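Below is the file work_34.cif, which contains mmCIF, C-alpha atoms, pLDDT in the B column; chains and numbers go by the auth columns.
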```cif
data_target
loop_
_atom_site.group_PDB
_atom_site.id
_atom_site.type_symbol
_atom_site.label_atom_id
_atom_site.label_comp_id
_atom_site.label_asym_id
_atom_site.label_seq_id
_atom_site.Cartn_x
_atom_site.Cartn_y
_atom_site.Cartn_z
_atom_site.B_iso_or_equiv
_atom_site.auth_seq_id
_atom_site.auth_asym_id
ATOM 1 C CA MET A 1 0.000 0.000 0.000 65.00 1 A
ATOM 2 C CA LYS A 2 2.887 2.375 0.784 69.00 2 A
ATOM 3 C CA GLU A 3 4.333 1.735 -2.694 72.00 3 A
ATOM 4 C CA LEU A 4 1.044 2.817 -4.233 74.00 4 A
ATOM 5 C CA ILE A 5 1.035 6.069 -2.249 78.00 5 A
ATOM 6 C CA TYR A 6 4.672 6.836 -3.148 82.00 6 A
ATOM 7 C CA ASN A 7 4.009 6.265 -6.860 85.00 7 A
ATOM 8 C CA ILE A 8 0.966 8.565 -7.077 89.00 8 A
ATOM 9 C CA PRO A 9 3.088 11.696 -7.786 90.00 9 A
ATOM 10 C CA GLU A 10 4.911 9.855 -10.598 90.00 10 A
ATOM 11 C CA ALA A 11 1.620 8.713 -12.111 90.00 11 A
ATOM 12 C CA LEU A 12 0.193 12.242 -11.927 92.00 12 A
ATOM 13 C CA LEU A 13 3.389 13.598 -13.474 93.00 13 A
ATOM 14 C CA VAL A 14 3.053 11.183 -16.411 91.00 14 A
ATOM 15 C CA ILE A 15 -0.550 12.274 -16.987 92.00 15 A
ATOM 16 C CA PHE A 16 0.433 15.953 -16.702 94.00 16 A
ATOM 17 C CA PHE A 17 3.289 15.712 -19.227 94.00 17 A
ATOM 18 C CA VAL A 18 1.246 13.735 -21.723 93.00 18 A
ATOM 19 C CA PHE A 19 -1.566 16.286 -21.338 93.00 19 A
ATOM 20 C CA LEU A 20 0.953 19.074 -22.064 95.00 20 A
ATOM 21 C CA LEU A 21 2.197 17.148 -25.101 94.00 21 A
ATOM 22 C CA SER A 22 -1.397 16.856 -26.282 92.00 22 A
ATOM 23 C CA LEU A 23 -1.891 20.627 -25.930 93.00 23 A
ATOM 24 C CA VAL A 24 1.335 21.339 -27.839 94.00 24 A
ATOM 25 C CA LEU A 25 0.291 18.996 -30.663 91.00 25 A
ATOM 26 C CA ASP A 26 -3.133 20.655 -30.715 89.00 26 A
ATOM 27 C CA LYS A 27 -1.531 24.109 -31.115 90.00 27 A
ATOM 28 C CA LEU A 28 0.830 22.818 -33.827 89.00 28 A
ATOM 29 C CA LEU A 29 -2.079 21.286 -35.750 85.00 29 A
ATOM 30 C CA GLY A 30 -3.966 24.587 -35.387 83.00 30 A
ATOM 31 C CA LYS A 31 -1.029 26.575 -36.794 85.00 31 A
ATOM 32 C CA TYR A 32 -0.491 24.056 -39.577 80.00 32 A
ATOM 33 C CA SER A 33 -4.172 24.075 -40.534 77.00 33 A
ATOM 34 C CA ALA A 34 -4.014 27.856 -41.025 76.00 34 A
ATOM 35 C CA HIS A 35 -1.885 27.243 -44.130 75.00 35 A
ATOM 36 C CA PHE A 36 -4.757 25.385 -45.807 70.00 36 A
ATOM 37 C CA ASP A 37 -8.188 26.475 -46.963 64.00 37 A
ATOM 38 C CA ALA A 38 -11.354 26.184 -44.887 59.00 38 A
ATOM 39 C CA ASP A 39 -12.368 22.884 -46.517 60.00 39 A
ATOM 40 C CA THR A 40 -9.558 21.020 -44.744 63.00 40 A
ATOM 41 C CA SER A 41 -10.333 22.403 -41.265 69.00 41 A
ATOM 42 C CA GLU A 42 -12.567 19.396 -40.590 69.00 42 A
ATOM 43 C CA ILE A 43 -9.601 17.060 -41.133 74.00 43 A
ATOM 44 C CA PHE A 44 -7.387 18.956 -38.697 77.00 44 A
ATOM 45 C CA ARG A 45 -10.159 19.051 -36.095 79.00 45 A
ATOM 46 C CA LEU A 46 -10.519 15.272 -36.454 78.00 46 A
ATOM 47 C CA LEU A 47 -6.737 14.792 -36.094 81.00 47 A
ATOM 48 C CA SER A 48 -6.636 17.065 -33.061 83.00 48 A
ATOM 49 C CA ASN A 49 -9.453 15.260 -31.261 84.00 49 A
ATOM 50 C CA SER A 50 -8.028 11.851 -32.155 86.00 50 A
ATOM 51 C CA GLN A 51 -4.515 12.601 -30.923 89.00 51 A
ATOM 52 C CA ARG A 52 -5.859 13.985 -27.657 90.00 52 A
ATOM 53 C CA THR A 53 -7.967 10.889 -27.002 89.00 53 A
ATOM 54 C CA VAL A 54 -5.203 8.434 -27.904 90.00 54 A
ATOM 55 C CA LEU A 55 -2.523 10.254 -25.911 93.00 55 A
ATOM 56 C CA LEU A 56 -4.677 10.545 -22.804 91.00 56 A
ATOM 57 C CA LEU A 57 -5.569 6.849 -23.013 90.00 57 A
ATOM 58 C CA VAL A 58 -1.865 5.984 -23.292 91.00 58 A
ATOM 59 C CA ALA A 59 -1.132 8.292 -20.328 93.00 59 A
ATOM 60 C CA LEU A 60 -3.789 6.582 -18.239 92.00 60 A
ATOM 61 C CA ILE A 61 -2.337 3.147 -19.015 91.00 61 A
ATOM 62 C CA MET A 62 1.188 4.389 -18.227 91.00 62 A
ATOM 63 C CA ALA A 63 -0.004 5.913 -14.943 92.00 63 A
ATOM 64 C CA LEU A 64 -1.698 2.669 -13.947 91.00 64 A
ATOM 65 C CA GLY A 65 1.563 0.863 -14.705 90.00 65 A
ATOM 66 C CA LYS A 66 3.459 3.356 -12.506 88.00 66 A
ATOM 67 C CA LEU A 67 1.017 2.651 -9.691 88.00 67 A
ATOM 68 C CA GLY A 68 1.931 -1.019 -9.829 85.00 68 A
ATOM 69 C CA PHE A 69 -1.088 -2.417 -11.650 86.00 69 A
ATOM 70 C CA ASP A 70 -0.519 -5.145 -14.238 88.00 70 A
ATOM 71 C CA VAL A 71 -1.585 -3.438 -17.459 90.00 71 A
ATOM 72 C CA SER A 72 -0.595 -6.232 -19.854 90.00 72 A
ATOM 73 C CA ALA A 73 -4.116 -7.696 -19.846 89.00 73 A
ATOM 74 C CA LEU A 74 -5.563 -4.204 -20.343 87.00 74 A
ATOM 75 C CA VAL A 75 -3.266 -3.530 -23.307 88.00 75 A
ATOM 76 C CA ALA A 76 -4.089 -6.920 -24.840 91.00 76 A
ATOM 77 C CA GLY A 77 -7.804 -6.277 -24.336 89.00 77 A
ATOM 78 C CA LEU A 78 -7.527 -2.854 -25.968 87.00 78 A
ATOM 79 C CA GLY A 79 -5.695 -4.433 -28.902 89.00 79 A
ATOM 80 C CA LEU A 80 -8.434 -7.004 -29.408 90.00 80 A
ATOM 81 C CA THR A 81 -11.115 -4.348 -28.990 90.00 81 A
ATOM 82 C CA GLY A 82 -9.359 -2.168 -31.570 87.00 82 A
ATOM 83 C CA PHE A 83 -9.208 -5.075 -33.989 90.00 83 A
ATOM 84 C CA ALA A 84 -12.908 -5.894 -33.529 92.00 84 A
ATOM 85 C CA LEU A 85 -13.941 -2.243 -33.881 88.00 85 A
ATOM 86 C CA GLY A 86 -11.742 -1.801 -36.939 87.00 86 A
ATOM 87 C CA PHE A 87 -13.291 -4.821 -38.585 90.00 87 A
ATOM 88 C CA ALA A 88 -16.834 -3.735 -37.664 91.00 88 A
ATOM 89 C CA LEU A 89 -16.290 -0.149 -38.816 87.00 89 A
ATOM 90 C CA LYS A 90 -14.249 -0.847 -41.945 90.00 90 A
ATOM 91 C CA ASP A 91 -16.861 0.680 -44.269 89.00 91 A
ATOM 92 C CA ALA A 92 -17.238 3.799 -42.126 86.00 92 A
ATOM 93 C CA VAL A 93 -13.464 4.174 -41.867 86.00 93 A
ATOM 94 C CA SER A 94 -13.139 3.581 -45.604 89.00 94 A
ATOM 95 C CA ASN A 95 -15.632 6.396 -46.273 88.00 95 A
ATOM 96 C CA LEU A 96 -13.839 8.657 -43.789 84.00 96 A
ATOM 97 C CA ILE A 97 -10.445 8.114 -45.411 87.00 97 A
ATOM 98 C CA ALA A 98 -11.985 8.563 -48.865 89.00 98 A
ATOM 99 C CA GLY A 99 -13.559 11.807 -47.598 86.00 99 A
ATOM 100 C CA VAL A 100 -10.144 13.043 -46.477 83.00 100 A
ATOM 101 C CA MET A 101 -8.724 12.150 -49.905 85.00 101 A
ATOM 102 C CA ILE A 102 -11.592 13.985 -51.652 85.00 102 A
ATOM 103 C CA VAL A 103 -11.055 17.091 -49.508 80.00 103 A
ATOM 104 C CA ILE A 104 -7.299 17.046 -50.160 80.00 104 A
ATOM 105 C CA TYR A 105 -7.296 16.207 -53.891 82.00 105 A
ATOM 106 C CA GLN A 106 -10.617 17.917 -54.733 82.00 106 A
ATOM 107 C CA PRO A 107 -11.619 15.845 -57.782 84.00 107 A
ATOM 108 C CA CYS A 108 -15.007 17.583 -57.734 84.00 108 A
ATOM 109 C CA GLU A 109 -16.517 20.684 -56.156 86.00 109 A
ATOM 110 C CA ILE A 110 -19.935 21.856 -54.982 88.00 110 A
ATOM 111 C CA GLY A 111 -22.207 22.913 -57.861 91.00 111 A
ATOM 112 C CA ARG A 112 -20.509 20.593 -60.377 92.00 112 A
ATOM 113 C CA LEU A 113 -22.551 18.152 -62.479 94.00 113 A
ATOM 114 C CA ILE A 114 -21.174 14.618 -62.097 93.00 114 A
ATOM 115 C CA GLU A 115 -22.088 11.011 -62.769 93.00 115 A
ATOM 116 C CA VAL A 116 -20.988 8.145 -60.547 91.00 116 A
ATOM 117 C CA SER A 117 -22.296 4.546 -60.611 87.00 117 A
ATOM 118 C CA GLY A 118 -24.983 5.477 -63.108 88.00 118 A
ATOM 119 C CA THR A 119 -26.326 8.356 -60.983 90.00 119 A
ATOM 120 C CA LYS A 120 -26.118 11.826 -62.519 93.00 120 A
ATOM 121 C CA GLY A 121 -26.626 14.977 -60.499 94.00 121 A
ATOM 122 C CA THR A 122 -25.285 18.224 -59.120 95.00 122 A
ATOM 123 C CA ILE A 123 -23.123 18.185 -55.995 93.00 123 A
ATOM 124 C CA VAL A 124 -24.811 20.018 -53.116 93.00 124 A
ATOM 125 C CA ASP A 125 -22.493 19.107 -50.220 90.00 125 A
ATOM 126 C CA ILE A 126 -19.287 17.194 -49.545 86.00 126 A
ATOM 127 C CA ASN A 127 -18.363 15.979 -46.081 84.00 127 A
ATOM 128 C CA LEU A 128 -16.078 13.318 -44.656 81.00 128 A
ATOM 129 C CA ARG A 129 -18.643 10.487 -44.944 85.00 129 A
ATOM 130 C CA TYR A 130 -20.640 11.062 -48.106 88.00 130 A
ATOM 131 C CA LEU A 131 -21.343 13.344 -51.034 90.00 131 A
ATOM 132 C CA THR A 132 -24.837 14.847 -51.403 93.00 132 A
ATOM 133 C CA MET A 133 -26.237 15.215 -54.937 94.00 133 A
ATOM 134 C CA ASP A 134 -29.440 16.627 -56.329 95.00 134 A
ATOM 135 C CA THR A 135 -30.701 14.307 -59.062 93.00 135 A
ATOM 136 C CA GLU A 136 -33.840 14.242 -61.197 92.00 136 A
ATOM 137 C CA LEU A 137 -35.416 11.835 -58.704 91.00 137 A
ATOM 138 C CA GLY A 138 -34.396 13.759 -55.568 94.00 138 A
ATOM 139 C CA THR A 139 -31.477 14.030 -53.172 94.00 139 A
ATOM 140 C CA CYS A 140 -28.922 11.228 -53.273 93.00 140 A
ATOM 141 C CA LEU A 141 -26.213 10.436 -50.707 93.00 141 A
ATOM 142 C CA ILE A 142 -23.185 8.682 -52.189 92.00 142 A
ATOM 143 C CA PRO A 143 -20.549 7.199 -49.856 93.00 143 A
ATOM 144 C CA ASN A 144 -17.122 8.732 -50.435 91.00 144 A
ATOM 145 C CA ALA A 145 -15.485 5.345 -50.977 91.00 145 A
ATOM 146 C CA MET A 146 -17.777 4.871 -53.986 91.00 146 A
ATOM 147 C CA ILE A 147 -16.484 8.150 -55.473 89.00 147 A
ATOM 148 C CA LEU A 148 -12.893 6.913 -55.322 87.00 148 A
ATOM 149 C CA ASN A 149 -13.564 3.279 -56.277 89.00 149 A
ATOM 150 C CA ASN A 150 -15.876 3.814 -59.273 89.00 150 A
ATOM 151 C CA LYS A 151 -15.749 5.707 -62.525 90.00 151 A
ATOM 152 C CA LEU A 152 -16.461 9.389 -61.922 88.00 152 A
ATOM 153 C CA THR A 153 -17.584 11.551 -64.839 91.00 153 A
ATOM 154 C CA LEU A 154 -17.245 15.322 -64.452 91.00 154 A
ATOM 155 C CA PHE A 155 -19.424 17.386 -66.812 89.00 155 A
ATOM 156 C CA LYS A 156 -18.577 20.915 -67.891 79.00 156 A
#
```
Any chance you could give the structure as structure tokens?
Amino acid sequence: MKELIYNIPEALLVIFFVFLLSLVLDKLLGKYSAHFDADTSEIFRLLSNSQRTVLLLVALIMALGKLGFDVSALVAGLGLTGFALGFALKDAVSNLIAGVMIVIYQPCEIGRLIEVSGTKGTIVDINLRYLTMDTELGTCLIPNAMILNNKLTLFK
């Protein structure tokens, strides 16, 4: 029990320094995002939130290790959970990564007439998950992965 009490300051110090690292990375991402246009701000916000969550989770595991807890089972469980979530969310992650690629490479823009997978329409909105088109039949949501994986026709 005494060992646990003596290691509390070290554990808190680990959490504090990782929290500071997270803040520094957040500021760096903010400064770096200023060099890009407003369309990419969503990507940097996603990166900022993701790094903060991952770093604080790592800090918590490190602090528990400093306190003398056996974290090997926790790390193994997190690895298996990550694998299961990755497999379950592969389509969502695929659309998210395709959305990032669309925002970066900008193969099409809002207001442009396009055809993808036999659907022709005008782009109304582009976000990280799907592209919104107005077609003759109504509004159509096309997953971003479909934009990158299928033939895309851009009309003038």
For the provided coordinates, the residues matched by the PyMOL selection byres ((chain A and resi 73-88) around 12) should be stated as a ChimeraX atom specification.
/A:54,57-58,60-62,64-65,69-72,89-94
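Nearest to Leu25 in chain A of all the residues A:Ser50, A:Leu148, A:Asp125, A:Gly68 is A:Ser50, based on all atoms listed in the file.
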Which residues match the PyMOL selection byres ((chain A and resi 16-19) around 12) in the file above, as a PyMOL selection string?
chain A and resi 9-15+20-26+51-63
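Near Gly111 in chain A, within 9 Å and counting only C-alpha atoms, sit Cys108, Thr122, Ile123, Val124 and Asp125 of chain A, not including residues fewer than 3 positions from it in the same chain.
If you look at CA of Leu113 in chain A and CA of Lys151 in chain A, they are 14.2 Å away from each other.
Between Val116 in chain A and the candidates A:Asp134, A:Leu28, A:Arg45, A:Ile147, the tightest atom-to-atom separation, counting only C-alpha atoms, involves A:Ile147.
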Residue members of the PyMOL selection byres ((chain A and resi 120) around 9) in the file shown, as a PDB file with C-alpha atoms, in the frame of the given file:
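Output file result_12.pdb is given in full below:
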```
ATOM      1  CA  LEU A 113     -22.551  18.152 -62.479  1.00 94.00           C
ATOM      2  CA  ILE A 114     -21.174  14.618 -62.097  1.00 93.00           C
ATOM      3  CA  GLU A 115     -22.088  11.011 -62.769  1.00 93.00           C
ATOM      4  CA  VAL A 116     -20.988   8.145 -60.547  1.00 91.00           C
ATOM      5  CA  SER A 117     -22.296   4.546 -60.611  1.00 87.00           C
ATOM      6  CA  GLY A 118     -24.983   5.477 -63.108  1.00 88.00           C
ATOM      7  CA  THR A 119     -26.326   8.356 -60.983  1.00 90.00           C
ATOM      8  CA  GLY A 121     -26.626  14.977 -60.499  1.00 94.00           C
ATOM      9  CA  THR A 122     -25.285  18.224 -59.120  1.00 95.00           C
ATOM     10  CA  MET A 133     -26.237  15.215 -54.937  1.00 94.00           C
ATOM     11  CA  ASP A 134     -29.440  16.627 -56.329  1.00 95.00           C
ATOM     12  CA  THR A 135     -30.701  14.307 -59.062  1.00 93.00           C
ATOM     13  CA  GLU A 136     -33.840  14.242 -61.197  1.00 92.00           C
ATOM     14  CA  THR A 153     -17.584  11.551 -64.839  1.00 91.00           C
TER      15      THR A 153
END
```
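If you look at CA of Ile126 in chain A and CA of Val100 in chain A, they are 10.5 Å away from each other.
Among the candidate residues A:Asn149, A:Thr139, A:Phe44, A:Leu154, the one lying nearest to Val103 in chain A is A:Phe44, with distances computed using all atoms listed in the file.
Distance-wise, CA of Phe155 in chain A and CA of Asn95 in chain A end up 23.6 Å apart.
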Nearest to Asn127 in chain A, chosen from A:Gly99, A:Gly30, A:Pro107, A:Pro143, with all atoms listed in the file counted in the distances:
A:Gly99
Find the smallest box with edges along x, y and z containing every listed atom of range 124-141 of chain A, then add 4 Å on each side and report centre and edge lengths in Å to one decimal, as lines of an AutoDock Vina configuration file.
```
center_x = -25.7
center_y = 15.2
center_z = -52.9
size_x = 27.3
size_y = 17.6
size_z = 24.5
```
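With only C-alpha atoms as the atoms that count, the residue of A:Ile97, A:Leu4, A:Leu131, A:Leu47 with the shortest distance to Ile110 in chain A is A:Leu131.
Using all atoms listed in the file, the smallest distance between any of A:Lys156, A:Met146, A:Leu141, A:Leu96 and Arg129 in chain A comes from A:Leu96.
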